[in-house]
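What follows is the content of protein_27.pdb, which has PDB, C-alpha atoms (C1' of nucleotides):
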ATOM      1  CA  MET P   1      -4.012  42.298  -7.830
ATOM      2  CA  SER P   2      -2.484  42.428  -4.430
ATOM      3  CA  ILE P   3      -4.998  44.962  -3.222
ATOM      4  CA  SER P   4      -5.039  43.697   0.294
ATOM      5  CA  THR P   5      -7.741  46.069   1.410
ATOM      6  CA  PRO P   6      -9.912  43.467   3.150
ATOM      7  CA  VAL P   7      -7.066  42.674   5.470
ATOM      8  CA  ASN P   8      -7.187  46.150   6.897
ATOM      9  CA  ALA P   9     -10.731  46.983   5.941
ATOM     10  CA  ARG P  10     -12.119  44.584   8.462
ATOM     11  CA  TRP P  11     -14.844  46.223  10.446
ATOM     12  CA  HIS P  12     -15.928  45.763  14.012
ATOM     13  CA  ALA P  13     -18.251  42.842  13.812
ATOM     14  CA  GLY P  14     -17.828  39.297  14.988
ATOM     15  CA  ALA P  15     -17.675  36.682  12.286
ATOM     16  CA  VAL P  16     -21.133  35.227  12.416
ATOM     17  CA  ALA P  17     -21.591  32.594   9.779
ATOM     18  CA  THR P  18     -24.660  33.581   7.818
ATOM     19  CA  SER P  19     -25.399  30.988   5.209
ATOM     20  CA  THR P  20     -23.387  27.802   5.198
ATOM     21  CA  LEU P  21     -23.389  25.956   8.467
ATOM     22  CA  PRO P  22     -21.134  23.058   9.359
ATOM     23  CA  ILE P  23     -23.187  20.351   7.744
ATOM     24  CA  ALA P  24     -20.324  18.037   6.855
ATOM     25  CA  ALA P  25     -22.021  16.450   3.855
ATOM     26  CA  ALA P  26     -24.037  14.087   5.985
ATOM     27  CA  PRO P  27     -26.481  16.130   8.021
ATOM     28  CA  GLY P  28     -25.461  15.657  11.606
ATOM     29  CA  ARG P  29     -22.102  14.883  13.039
ATOM     30  CA  ALA P  30     -18.808  15.559  11.333
ATOM     31  CA  ALA P  31     -16.470  12.833  12.427
ATOM     32  CA  CYS P  32     -19.000  10.206  13.278
ATOM     33  CA  CYS P  33     -17.595   7.587  15.537
ATOM     34  CA  ALA P  34     -15.426   5.982  18.169
ATOM     35  CA  PRO P  35     -11.598   6.254  18.357
ATOM     36  CA  LEU P  36     -11.210   3.904  15.372
ATOM     37  CA  THR P  37      -8.626   1.790  17.132
ATOM     38  CA  ARG P  38     -11.304   0.749  19.564
ATOM     39  CA  GLU P  39     -13.636  -1.315  17.476
ATOM     40  CA  PRO P  40     -14.088  -2.196  13.805
ATOM     41  CA  LEU P  41     -15.576   0.612  11.750
ATOM     42  CA  SER P  42     -18.805  -0.063   9.916
ATOM     43  CA  ALA P  43     -18.695   0.355   6.151
ATOM     44  CA  GLN P  44     -20.945   3.384   6.377
ATOM     45  CA  ASP P  45     -18.996   5.092   9.146
ATOM     46  CA  ALA P  46     -15.804   4.450   7.234
ATOM     47  CA  ALA P  47     -17.266   6.082   4.134
ATOM     48  CA  THR P  48     -18.388   9.124   6.112
ATOM     49  CA  LEU P  49     -15.063   9.499   7.862
ATOM     50  CA  ALA P  50     -13.155   9.026   4.620
ATOM     51  CA  ARG P  51     -15.157  11.770   2.933
ATOM     52  CA  THR P  52     -14.143  14.260   5.614
ATOM     53  CA  LEU P  53     -10.548  13.082   5.622
ATOM     54  CA  LYS P  54     -10.316  13.346   1.844
ATOM     55  CA  ALA P  55     -11.180  17.001   2.238
ATOM     56  CA  ILE P  56      -8.019  17.697   4.200
ATOM     57  CA  ALA P  57      -5.817  15.124   2.458
ATOM     58  CA  ASP P  58      -4.608  17.648  -0.060
ATOM     59  CA  PRO P  59      -1.623  20.004   0.180
ATOM     60  CA  ALA P  60      -3.530  23.012  -1.116
ATOM     61  CA  ARG P  61      -6.429  22.516   1.274
ATOM     62  CA  LEU P  62      -4.134  21.935   4.238
ATOM     63  CA  ARG P  63      -2.381  25.190   3.488
ATOM     64  CA  LEU P  64      -5.726  26.931   3.081
ATOM     65  CA  LEU P  65      -6.827  25.747   6.501
ATOM     66  CA  SER P  66      -3.645  26.929   8.163
ATOM     67  CA  LEU P  67      -3.631  30.200   6.236
ATOM     68  CA  VAL P  68      -7.190  30.991   7.261
ATOM     69  CA  ALA P  69      -6.572  30.016  10.867
ATOM     70  CA  ALA P  70      -3.394  32.052  11.114
ATOM     71  CA  HIS P  71      -4.891  35.052   9.380
ATOM     72  CA  GLU P  72      -5.744  38.053  11.476
ATOM     73  CA  GLY P  73      -9.125  37.684  13.099
ATOM     74  CA  GLY P  74      -9.151  34.000  12.240
ATOM     75  CA  GLU P  75     -10.794  34.688   8.923
ATOM     76  CA  ALA P  76      -9.676  35.475   5.396
ATOM     77  CA  CYS P  77     -11.177  36.215   2.015
ATOM     78  CA  VAL P  78     -10.271  34.568  -1.271
ATOM     79  CA  CYS P  79      -8.121  37.475  -2.389
ATOM     80  CA  ASP P  80      -5.930  36.983   0.674
ATOM     81  CA  LEU P  81      -5.334  33.339  -0.181
ATOM     82  CA  VAL P  82      -4.738  33.240  -3.925
ATOM     83  CA  GLU P  83      -1.291  34.762  -3.861
ATOM     84  CA  PRO P  84       0.298  32.819  -0.964
ATOM     85  CA  LEU P  85      -1.055  29.563  -2.394
ATOM     86  CA  GLY P  86       0.229  30.159  -5.898
ATOM     87  CA  LEU P  87      -2.886  28.730  -7.505
ATOM     88  CA  SER P  88      -5.481  30.317  -9.739
ATOM     89  CA  GLN P  89      -8.502  31.990  -8.191
ATOM     90  CA  PRO P  90     -11.008  29.427  -9.529
ATOM     91  CA  THR P  91      -8.911  26.633  -8.073
ATOM     92  CA  VAL P  92      -8.762  28.335  -4.699
ATOM     93  CA  SER P  93     -12.526  28.841  -4.768
ATOM     94  CA  HIS P  94     -12.955  25.179  -5.615
ATOM     95  CA  HIS P  95     -10.828  24.044  -2.683
ATOM     96  CA  LEU P  96     -12.630  26.391  -0.326
ATOM     97  CA  LYS P  97     -15.951  24.957  -1.413
ATOM     98  CA  VAL P  98     -14.716  21.450  -0.684
ATOM     99  CA  LEU P  99     -13.645  22.512   2.794
ATOM    100  CA  VAL P 100     -16.951  24.237   3.473
ATOM    101  CA  ASP P 101     -18.921  21.214   2.261
ATOM    102  CA  ALA P 102     -16.891  19.071   4.630
ATOM    103  CA  GLY P 103     -17.770  21.334   7.543
ATOM    104  CA  LEU P 104     -14.177  22.414   8.044
ATOM    105  CA  LEU P 105     -14.740  26.046   7.087
ATOM    106  CA  THR P 106     -17.588  28.513   7.276
ATOM    107  CA  ARG P 107     -18.351  31.018   4.579
ATOM    108  CA  ASP P 108     -19.508  34.502   5.464
ATOM    109  CA  LYS P 109     -20.294  36.789   2.553
ATOM    110  CA  ARG P 110     -19.943  40.448   3.485
ATOM    111  CA  GLY P 111     -20.420  42.818   0.596
ATOM    112  CA  VAL P 112     -18.160  41.834  -2.261
ATOM    113  CA  TRP P 113     -15.946  39.709  -0.114
ATOM    114  CA  ALA P 114     -16.408  36.172   1.136
ATOM    115  CA  TYR P 115     -14.792  35.516   4.474
ATOM    116  CA  TYR P 116     -13.808  32.038   5.483
ATOM    117  CA  ALA P 117     -13.133  30.817   9.011
ATOM    118  CA  VAL P 118     -12.173  27.420  10.399
ATOM    119  CA  VAL P 119     -14.584  25.266  12.391
ATOM    120  CA  PRO P 120     -12.491  24.018  15.329
ATOM    121  CA  GLU P 121     -15.116  21.457  16.325
ATOM    122  CA  THR P 122     -14.727  19.501  13.118
ATOM    123  CA  LEU P 123     -10.951  19.446  13.330
ATOM    124  CA  ASN P 124     -11.092  18.409  16.971
ATOM    125  CA  ALA P 125     -13.562  15.669  16.169
ATOM    126  CA  LEU P 126     -11.218  14.290  13.526
ATOM    127  CA  SER P 127      -8.354  14.544  15.957
ATOM    128  CA  ALA P 128     -10.315  12.599  18.542
ATOM    129  CA  VAL P 129     -11.148   9.813  16.105
ATOM    130  CA  LEU P 130      -7.514   9.323  15.144
ATOM    131  CA  ALA P 131      -6.094   9.441  18.649
ATOM    132  CA  THR P 132      -5.317   6.069  20.174
ATOM    133  CA  PRO P 133      -6.689   5.814  23.725
ATOM    134  CA  ALA P 134      -3.475   5.299  25.657
ATOM    135  CA  GLY P 135      -2.453   1.679  25.079
ATOM    136  CA  PRO P 136      -4.713   0.156  22.417
ATOM    137  CA  VAL P 137      -3.884  -3.491  23.040
ATOM    138  CA  ARG P 138      -0.603  -3.391  24.909
TER     139      ARG P 138
ATOM    140  CA  MET G   1     -10.893 -20.041   2.092
ATOM    141  CA  SER G   2     -11.992 -18.957   5.467
ATOM    142  CA  ILE G   3      -9.415 -21.132   7.156
ATOM    143  CA  SER G   4      -8.973 -18.864  10.084
ATOM    144  CA  THR G   5      -6.173 -20.841  11.593
ATOM    145  CA  PRO G   6      -3.870 -17.894  12.290
ATOM    146  CA  VAL G   7      -6.493 -16.412  14.549
ATOM    147  CA  ASN G   8      -6.186 -19.325  16.876
ATOM    148  CA  ALA G   9      -2.755 -20.497  15.865
ATOM    149  CA  ARG G  10      -1.155 -17.415  17.314
ATOM    150  CA  TRP G  11       1.769 -18.390  19.408
ATOM    151  CA  HIS G  12       3.180 -16.891  22.542
ATOM    152  CA  ALA G  13       5.458 -14.196  21.275
ATOM    153  CA  GLY G  14       5.158 -10.444  21.385
ATOM    154  CA  ALA G  15       4.616  -8.722  18.092
ATOM    155  CA  VAL G  16       8.069  -7.475  17.319
ATOM    156  CA  ALA G  17       8.207  -5.789  13.953
ATOM    157  CA  THR G  18      11.082  -7.319  12.077
ATOM    158  CA  SER G  19      11.463  -5.642   8.736
ATOM    159  CA  THR G  20       9.412  -2.581   8.035
ATOM    160  CA  LEU G  21       9.818   0.208  10.527
ATOM    161  CA  PRO G  22       7.679   3.336  10.710
ATOM    162  CA  ILE G  23       9.457   5.313   8.049
ATOM    163  CA  ALA G  24       6.470   7.283   6.837
ATOM    164  CA  ALA G  25       7.695   7.799   3.295
ATOM    165  CA  ALA G  26       9.912  10.687   4.265
ATOM    166  CA  PRO G  27      12.676   9.345   6.513
ATOM    167  CA  GLY G  28      12.122  10.990   9.853
ATOM    168  CA  ARG G  29       8.963  12.231  11.404
ATOM    169  CA  ALA G  30       5.537  11.077  10.462
ATOM    170  CA  ALA G  31       3.287  14.046  10.905
ATOM    171  CA  CYS G  32       5.854  16.737  10.478
ATOM    172  CA  CYS G  33       4.714  19.952  12.012
ATOM    173  CA  ALA G  34       2.895  22.341  14.295
ATOM    174  CA  PRO G  35      -0.837  22.201  15.076
ATOM    175  CA  LEU G  36      -1.722  23.536  11.620
ATOM    176  CA  THR G  37      -4.077  26.141  13.008
ATOM    177  CA  ARG G  38      -1.102  27.813  14.641
ATOM    178  CA  GLU G  39       0.886  29.103  11.697
ATOM    179  CA  PRO G  40       0.801  28.796   7.916
ATOM    180  CA  LEU G  41       2.043  25.472   6.627
ATOM    181  CA  SER G  42       4.984  25.490   4.242
ATOM    182  CA  ALA G  43       4.355  23.930   0.856
ATOM    183  CA  GLN G  44       6.677  21.068   1.668
ATOM    184  CA  ASP G  45       5.169  20.331   5.065
ATOM    185  CA  ALA G  46       1.725  20.433   3.502
ATOM    186  CA  ALA G  47       2.790  17.896   0.875
ATOM    187  CA  THR G  48       4.232  15.577   3.508
ATOM    188  CA  LEU G  49       1.181  15.811   5.726
ATOM    189  CA  ALA G  50      -1.153  15.328   2.788
ATOM    190  CA  ARG G  51       0.669  12.166   1.763
ATOM    191  CA  THR G  52       0.074  10.620   5.175
ATOM    192  CA  LEU G  53      -3.521  11.826   5.317
ATOM    193  CA  LYS G  54      -4.249  10.434   1.862
ATOM    194  CA  ALA G  55      -3.252   7.062   3.222
ATOM    195  CA  ILE G  56      -6.112   7.062   5.714
ATOM    196  CA  ALA G  57      -8.569   9.039   3.596
ATOM    197  CA  ASP G  58     -10.078   5.873   2.153
ATOM    198  CA  PRO G  59     -12.952   3.775   3.507
ATOM    199  CA  ALA G  60     -11.181   0.474   2.929
ATOM    200  CA  ARG G  61      -7.997   1.597   4.638
ATOM    201  CA  LEU G  62      -9.861   3.112   7.571
ATOM    202  CA  ARG G  63     -11.625  -0.170   8.098
ATOM    203  CA  LEU G  64      -8.338  -2.026   7.773
ATOM    204  CA  LEU G  65      -6.811   0.118  10.488
ATOM    205  CA  SER G  66      -9.692  -0.439  12.856
ATOM    206  CA  LEU G  67      -9.910  -4.139  12.033
ATOM    207  CA  VAL G  68      -6.231  -4.654  12.748
ATOM    208  CA  ALA G  69      -6.349  -2.607  15.939
ATOM    209  CA  ALA G  70      -9.426  -4.398  17.210
ATOM    210  CA  HIS G  71      -8.130  -7.843  16.291
ATOM    211  CA  GLU G  72      -6.938 -10.052  19.065
ATOM    212  CA  GLY G  73      -3.356  -9.303  20.020
ATOM    213  CA  GLY G  74      -3.522  -6.047  18.101
ATOM    214  CA  GLU G  75      -2.364  -7.746  14.941
ATOM    215  CA  ALA G  76      -3.929  -9.541  12.012
ATOM    216  CA  CYS G  77      -2.896 -11.323   8.847
ATOM    217  CA  VAL G  78      -4.270 -10.729   5.373
ATOM    218  CA  CYS G  79      -6.478 -13.790   5.492
ATOM    219  CA  ASP G  80      -8.240 -12.345   8.540
ATOM    220  CA  LEU G  81      -9.020  -9.118   6.698
ATOM    221  CA  VAL G  82     -10.138 -10.144   3.228
ATOM    222  CA  GLU G  83     -13.504 -11.497   4.233
ATOM    223  CA  PRO G  84     -14.728  -8.738   6.589
ATOM    224  CA  LEU G  85     -13.651  -6.111   4.080
ATOM    225  CA  GLY G  86     -15.400  -7.710   1.135
ATOM    226  CA  LEU G  87     -12.567  -6.905  -1.258
ATOM    227  CA  SER G  88     -10.267  -9.165  -3.230
ATOM    228  CA  GLN G  89      -7.025 -10.354  -1.684
ATOM    229  CA  PRO G  90      -4.787  -8.354  -4.082
ATOM    230  CA  THR G  91      -6.733  -5.209  -3.273
ATOM    231  CA  VAL G  92      -6.353  -5.792   0.451
ATOM    232  CA  SER G  93      -2.639  -6.376   0.025
ATOM    233  CA  HIS G  94      -2.413  -3.167  -1.939
ATOM    234  CA  HIS G  95      -4.125  -1.134   0.773
ATOM    235  CA  LEU G  96      -1.971  -2.703   3.456
ATOM    236  CA  LYS G  97       1.132  -1.737   1.534
ATOM    237  CA  VAL G  98      -0.068   1.852   1.329
ATOM    238  CA  LEU G  99      -0.626   1.915   5.087
ATOM    239  CA  VAL G 100       2.781   0.396   5.793
ATOM    240  CA  ASP G 101       4.509   2.869   3.484
ATOM    241  CA  ALA G 102       2.775   5.687   5.332
ATOM    242  CA  GLY G 103       4.079   4.400   8.644
ATOM    243  CA  LEU G 104       0.611   3.602   9.934
ATOM    244  CA  LEU G 105       1.121  -0.167  10.060
ATOM    245  CA  THR G 106       4.009  -2.518  10.594
ATOM    246  CA  ARG G 107       4.441  -5.753   8.715
ATOM    247  CA  ASP G 108       5.801  -8.842  10.439
ATOM    248  CA  LYS G 109       6.225 -11.913   8.293
ATOM    249  CA  ARG G 110       6.084 -15.112  10.331
ATOM    250  CA  GLY G 111       6.191 -18.237   8.255
ATOM    251  CA  VAL G 112       3.529 -18.144   5.600
ATOM    252  CA  TRP G 113       1.579 -15.385   7.273
ATOM    253  CA  ALA G 114       2.162 -11.649   7.283
ATOM    254  CA  TYR G 115       0.988  -9.976  10.462
ATOM    255  CA  TYR G 116       0.085  -6.339  10.487
ATOM    256  CA  ALA G 117      -0.110  -4.077  13.532
ATOM    257  CA  VAL G 118      -0.944  -0.403  13.939
ATOM    258  CA  VAL G 119       1.670   2.193  14.848
ATOM    259  CA  PRO G 120      -0.026   4.314  17.517
ATOM    260  CA  GLU G 121       2.651   7.012  17.344
ATOM    261  CA  THR G 122       1.797   7.904  13.766
ATOM    262  CA  LEU G 123      -1.921   8.105  14.466
ATOM    263  CA  ASN G 124      -1.310  10.190  17.555
ATOM    264  CA  ALA G 125       0.981  12.515  15.630
ATOM    265  CA  LEU G 126      -1.739  13.066  13.051
ATOM    266  CA  SER G 127      -4.230  13.630  15.820
ATOM    267  CA  ALA G 128      -1.982  16.229  17.392
ATOM    268  CA  VAL G 129      -1.544  18.120  14.144
ATOM    269  CA  LEU G 130      -5.283  18.375  13.586
ATOM    270  CA  ALA G 131      -6.219  19.375  17.122
ATOM    271  CA  THR G 132      -6.857  23.058  17.636
ATOM    272  CA  PRO G 133      -5.032  24.375  20.715
ATOM    273  CA  ALA G 134      -7.956  25.607  22.795
ATOM    274  CA  GLY G 135      -8.915  28.987  21.312
ATOM    275  CA  PRO G 136      -7.261  29.402  17.932
ATOM    276  CA  VAL G 137      -7.558  33.157  17.656
ATOM    277  CA  ARG G 138      -9.748  34.271  20.519
TER     278      ARG G 138
ATOM    279  C1'  DT K   1     -25.454  54.755 -15.070
ATOM    280  C1'  DC K   2     -21.159  52.849 -15.930
ATOM    281  C1'  DC K   3     -17.177  50.506 -14.559
ATOM    282  C1'  DC K   4     -14.144  47.990 -11.543
ATOM    283  C1'  DT K   5     -13.460  44.389  -8.253
ATOM    284  C1'  DT K   6     -14.520  39.996  -6.032
ATOM    285  C1'  DC K   7     -15.898  35.542  -6.367
ATOM    286  C1'  DA K   8     -18.470  31.203  -8.063
ATOM    287  C1'  DT K   9     -19.575  28.223 -11.801
ATOM    288  C1'  DC K  10     -18.674  25.828 -16.146
ATOM    289  C1'  DG K  11     -16.329  22.817 -19.367
ATOM    290  C1'  DA K  12     -12.150  20.560 -20.522
ATOM    291  C1'  DC K  13      -7.891  18.234 -19.949
ATOM    292  C1'  DG K  14      -4.422  15.169 -17.901
ATOM    293  C1'  DT K  15      -3.222  12.465 -14.038
ATOM    294  C1'  DC K  16      -3.845   9.728 -10.073
ATOM    295  C1'  DC K  17      -6.270   6.028  -7.678
ATOM    296  C1'  DG K  18      -9.120   1.890  -6.417
ATOM    297  C1'  DT K  19     -10.278  -2.367  -8.119
ATOM    298  C1'  DC K  20      -9.854  -6.730 -10.365
ATOM    299  C1'  DG K  21      -8.007 -11.401 -12.394
ATOM    300  C1'  DA K  22      -3.851 -13.698 -13.455
ATOM    301  C1'  DT K  23       0.527 -14.947 -12.090
ATOM    302  C1'  DG K  24       4.595 -16.001  -9.401
ATOM    303  C1'  DA K  25       7.479 -16.347  -5.087
ATOM    304  C1'  DC K  26       7.721 -18.546  -0.839
ATOM    305  C1'  DT K  27       6.706 -21.670   3.188
ATOM    306  C1'  DG K  28       5.355 -25.871   5.474
ATOM    307  C1'  DA K  29       3.342 -30.535   5.498
ATOM    308  C1'  DC K  30       3.077 -35.143   3.630
TER     309       DC K  30
ATOM    310  C1'  DG F   1       9.655 -34.043  -4.443
ATOM    311  C1'  DT F   2       5.130 -32.722  -4.631
ATOM    312  C1'  DC F   3       1.213 -30.286  -3.250
ATOM    313  C1'  DA F   4      -1.624 -26.900  -0.739
ATOM    314  C1'  DG F   5      -1.900 -22.478   1.111
ATOM    315  C1'  DT F   6      -0.556 -17.415   1.889
ATOM    316  C1'  DC F   7       0.639 -13.313   0.061
ATOM    317  C1'  DA F   8       2.890  -9.729  -3.213
ATOM    318  C1'  DT F   9       3.347  -8.060  -7.825
ATOM    319  C1'  DC F  10       1.782  -7.071 -12.529
ATOM    320  C1'  DG F  11      -1.073  -5.118 -16.130
ATOM    321  C1'  DA F  12      -5.411  -3.235 -17.276
ATOM    322  C1'  DC F  13      -9.602  -0.734 -16.847
ATOM    323  C1'  DG F  14     -12.905   2.866 -15.268
ATOM    324  C1'  DG F  15     -13.893   6.617 -12.432
ATOM    325  C1'  DA F  16     -12.546  10.391  -9.448
ATOM    326  C1'  DC F  17      -9.689  14.471  -8.741
ATOM    327  C1'  DG F  18      -6.797  18.824  -9.269
ATOM    328  C1'  DT F  19      -5.981  22.361 -12.304
ATOM    329  C1'  DC F  20      -6.837  25.842 -15.675
ATOM    330  C1'  DG F  21      -9.030  29.736 -18.745
ATOM    331  C1'  DA F  22     -13.327  31.710 -19.846
ATOM    332  C1'  DT F  23     -17.525  33.419 -18.353
ATOM    333  C1'  DG F  24     -21.136  35.427 -15.564
ATOM    334  C1'  DA F  25     -23.456  37.147 -11.246
ATOM    335  C1'  DA F  26     -23.304  40.605  -7.695
ATOM    336  C1'  DG F  27     -21.805  44.684  -4.862
ATOM    337  C1'  DG F  28     -19.862  49.403  -4.361
ATOM    338  C1'  DG F  29     -17.834  53.829  -5.902
ATOM    339  C1'  DA F  30     -17.605  57.798  -9.039
TER     340       DA F  30
END
Encoded form (structure tokens):
Amino acid sequence: MSISTPVNARWHAGAVATSTLPIAAAPGRAACCAPLTREPLSAQDAATLARTLKAIADPARLRLLSLVAAHEGGEACVCDLVEPLGLSQPTVSHHLKVLVDAGLLTRDKRGVWAYYAVVPETLNALSAVLATPAGPVR
Amino acid sequence: MSISTPVNARWHAGAVATSTLPIAAAPGRAACCAPLTREPLSAQDAATLARTLKAIADPARLRLLSLVAAHEGGEACVCDLVEPLGLSQPTVSHHLKVLVDAGLLTRDKRGVWAYYAVVPETLNALSAVLATPAGPVR
DNA sequence: TCCCTTCATCGACGTCCGTCGATGACTGAC
DNA sequence: GTCAGTCATCGACGGACGTCGATGAAGGGA
């Protein structure tokens, strides 16, 4: 282990997501709705939002997101993440899959390695839903 | 049931939280840390953040938050929430307790009724943590 | 061609979580 | 004092979730 080749072995190219696009489980938007403190959420919107929030409501996945984002080039492969997380490789792969399915990460397979990168749009959409528009009711 | 007196029986006063203050489980800050896409999260910060996020990562609790926020005066009692949610009263009470413990709601007991109101600071703190600061890596 | 490395999937296990009905504490009106 | 109403707590049940070791698919170098 600890062969951190991919960290240095990164080649020229820009990280263009090949296969998995930000689909966010429900085909379409990721965060779904209005500021949440503005008007009552429909049952369906609440379910959609909750599914995305559940994806980041986990210590391991939060650390994965921040590790990937802070990694050089804004992307990282599984082998870069297993050690700092302190979890087994299958578990890390599992969490990464959850994040990709939620549209929070993209997966780019290059050769033997799978590179993951954050999708800022999804995070920003979540952020926008949670923000309270100035004074909600006074 | 469906005696919606408290909706109309609301008296003058401003909603001053009496007992439960925004403590957010861990005494101190609610959201805990830097923008999350800025630098790797420590294991402890991740656990703290995840605990707060788990509180809102549930359809019922998301709807509770939006129902309370959108309710007249920015506050609502349990009896106002049971029917629109379609869950039993004990379940609603349970969810409200989770939200209060996470610092997302305040509880104000007035007479027989318990009034809940959102804590915008906690939501905004969460929003700030999730937001990606312009270009994360370039 | 063979072997090593990376990574995803599978099956299993234990724990946490959402939900309910029943019950009890508490308040206010008659 | 009694009764009606609001709400929190309790105990129980079923399903979802995080974690692991084992296994297999796929790429690249010698």
Go through chain F residue by residue and, counting only C-alpha atoms (C1' of nucleotides), keep those with an atom at most 10 Å from range 87-98 of chain P; for each kept residue give the shortest atom pair and its distance in Å to one decimal, ordered by chain and increasing number, as JSON lines.
{"residue": "F:DG18", "atom": "C1'", "partner": "P:Thr91", "partner_atom": "CA", "distance": 8.2}
{"residue": "F:DT19", "atom": "C1'", "partner": "P:Thr91", "partner_atom": "CA", "distance": 6.7}
{"residue": "F:DC20", "atom": "C1'", "partner": "P:Ser88", "partner_atom": "CA", "distance": 7.6}
{"residue": "F:DG21", "atom": "C1'", "partner": "P:Pro90", "partner_atom": "CA", "distance": 9.4}
Save out the residues we just selected, C-alpha atoms (C1' of nucleotides), as a PDB file, in the coordinates of the input.
ATOM      1  C1'  DG F  18      -6.797  18.824  -9.269  1.00  0.00           C
ATOM      2  C1'  DT F  19      -5.981  22.361 -12.304  1.00  0.00           C
ATOM      3  C1'  DC F  20      -6.837  25.842 -15.675  1.00  0.00           C
ATOM      4  C1'  DG F  21      -9.030  29.736 -18.745  1.00  0.00           C
TER       5       DG F  21
END
Decode the PyMOL selection byres ((chain F and resi 14) around 10) for the given file into explicit residues and return them as a list in words.
-> DG18 and DT19 of chain K; DA12, DC13, DG15 and DA16 of chain F
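Using all atoms listed in the file, the nearest neighbour of Ala70 in chain P within the list G:Leu105, G:Leu36, G:Ala125, G:Leu130 is G:Leu36.
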Enumerate as a PyMOL selection string the residues belonging to chain K that approach chain P to within 10 Å, with all atoms listed in the file taken into account.
-> chain K and resi 5-9
Distance query DA29 in chain K at most 12 Å, all atoms listed in the file, self and fewer than 5 positions along chain excluded, as a ChimeraX atom specification | /F:2-5
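Taking CA of Asp108 in chain G and CA of Pro120 in chain G as the two end points, the separation is 16.0 Å.
Note that the spacing between CA of Asp45 in chain G and CA of Arg63 in chain P amounts to 9.1 Å.
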Given the choices G:Lys54, G:Lys109, G:His71, G:Arg61, which gets closest to chain P if the distance is worked out from only C-alpha atoms?
-> G:Lys54
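Proximity to chain F was assessed for P:Arg110, P:Leu62, P:Ala34, P:Asp80 counting all atoms listed in the file; the smallest distance is recorded for P:Arg110.
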What does the PyMOL selection byres ((chain P) within 9 of (chain G)) select in this file, as a short mmCIF file (atom, residue, chain, number, x, y, z; two decimals) with C-alpha atoms, in the coordinates of the input?
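Produced file expr.cif, reproduced below:
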data_model
loop_
_atom_site.label_atom_id
_atom_site.label_comp_id
_atom_site.auth_asym_id
_atom_site.auth_seq_id
_atom_site.Cartn_x
_atom_site.Cartn_y
_atom_site.Cartn_z
CA PRO P 35 -11.60 6.25 18.36
CA LEU P 36 -11.21 3.90 15.37
CA THR P 37 -8.63 1.79 17.13
CA ARG P 38 -11.30 0.75 19.56
CA GLU P 39 -13.64 -1.32 17.48
CA PRO P 40 -14.09 -2.20 13.80
CA LEU P 41 -15.58 0.61 11.75
CA SER P 42 -18.80 -0.06 9.92
CA ALA P 43 -18.70 0.36 6.15
CA GLN P 44 -20.94 3.38 6.38
CA ASP P 45 -19.00 5.09 9.15
CA ALA P 46 -15.80 4.45 7.23
CA ALA P 47 -17.27 6.08 4.13
CA THR P 48 -18.39 9.12 6.11
CA LEU P 49 -15.06 9.50 7.86
CA ALA P 50 -13.16 9.03 4.62
CA ARG P 51 -15.16 11.77 2.93
CA THR P 52 -14.14 14.26 5.61
CA LEU P 53 -10.55 13.08 5.62
CA LYS P 54 -10.32 13.35 1.84
CA ALA P 55 -11.18 17.00 2.24
CA ILE P 56 -8.02 17.70 4.20
CA ALA P 57 -5.82 15.12 2.46
CA ASP P 58 -4.61 17.65 -0.06
CA PRO P 59 -1.62 20.00 0.18
CA ALA P 60 -3.53 23.01 -1.12
CA ARG P 61 -6.43 22.52 1.27
CA LEU P 62 -4.13 21.94 4.24
CA ARG P 63 -2.38 25.19 3.49
CA LEU P 64 -5.73 26.93 3.08
CA LEU P 65 -6.83 25.75 6.50
CA SER P 66 -3.64 26.93 8.16
CA LEU P 67 -3.63 30.20 6.24
CA VAL P 68 -7.19 30.99 7.26
CA ALA P 69 -6.57 30.02 10.87
CA ALA P 70 -3.39 32.05 11.11
CA HIS P 71 -4.89 35.05 9.38
CA GLU P 72 -5.74 38.05 11.48
CA GLY P 73 -9.12 37.68 13.10
CA GLY P 74 -9.15 34.00 12.24
CA LEU P 85 -1.06 29.56 -2.39
CA VAL P 118 -12.17 27.42 10.40
CA PRO P 120 -12.49 24.02 15.33
CA GLU P 121 -15.12 21.46 16.32
CA LEU P 123 -10.95 19.45 13.33
CA ASN P 124 -11.09 18.41 16.97
CA ALA P 125 -13.56 15.67 16.17
CA LEU P 126 -11.22 14.29 13.53
CA SER P 127 -8.35 14.54 15.96
CA ALA P 128 -10.32 12.60 18.54
CA VAL P 129 -11.15 9.81 16.10
CA LEU P 130 -7.51 9.32 15.14
CA ALA P 131 -6.09 9.44 18.65
CA THR P 132 -5.32 6.07 20.17
CA ALA P 134 -3.48 5.30 25.66
CA GLY P 135 -2.45 1.68 25.08
CA PRO P 136 -4.71 0.16 22.42
CA VAL P 137 -3.88 -3.49 23.04
CA ARG P 138 -0.60 -3.39 24.91
#
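Every polymer residue reaching to within 12 Å of (-21.9, 31.5, -15.2), counting only C-alpha atoms (C1' of nucleotides), appears in this list: DC7, DA8, DT9, DC10 and DG11 of chain K; DA22, DT23, DG24, DA25 and DA26 of chain F.
Here CA of Cys32 in chain G is placed at a distance of 15.6 Å from CA of Asp101 in chain G.
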Could you produce a table of the residues of chain F lying within 9 Å of chain G, with the nearest pair of atoms per residue and their separation in Å rounded to one decimal, using all atoms listed in the file, ordered by chain and increasing residue number, as CSV?
residue,atom,partner,partner_atom,distance
F:DG5,C1',G:Val112,CA,8.3
F:DT6,C1',G:Val112,CA,5.6
F:DC7,C1',G:Trp113,CA,7.6
F:DA8,C1',G:Ser93,CA,7.2
F:DT9,C1',G:Pro90,CA,9.0
Write out as a PyMOL selection string which residues come within 12 Å of DG11 in chain F when counting only C-alpha atoms (C1' of nucleotides), dropping same-chain ones fewer than 4 positions away.
-> chain K and resi 20-23
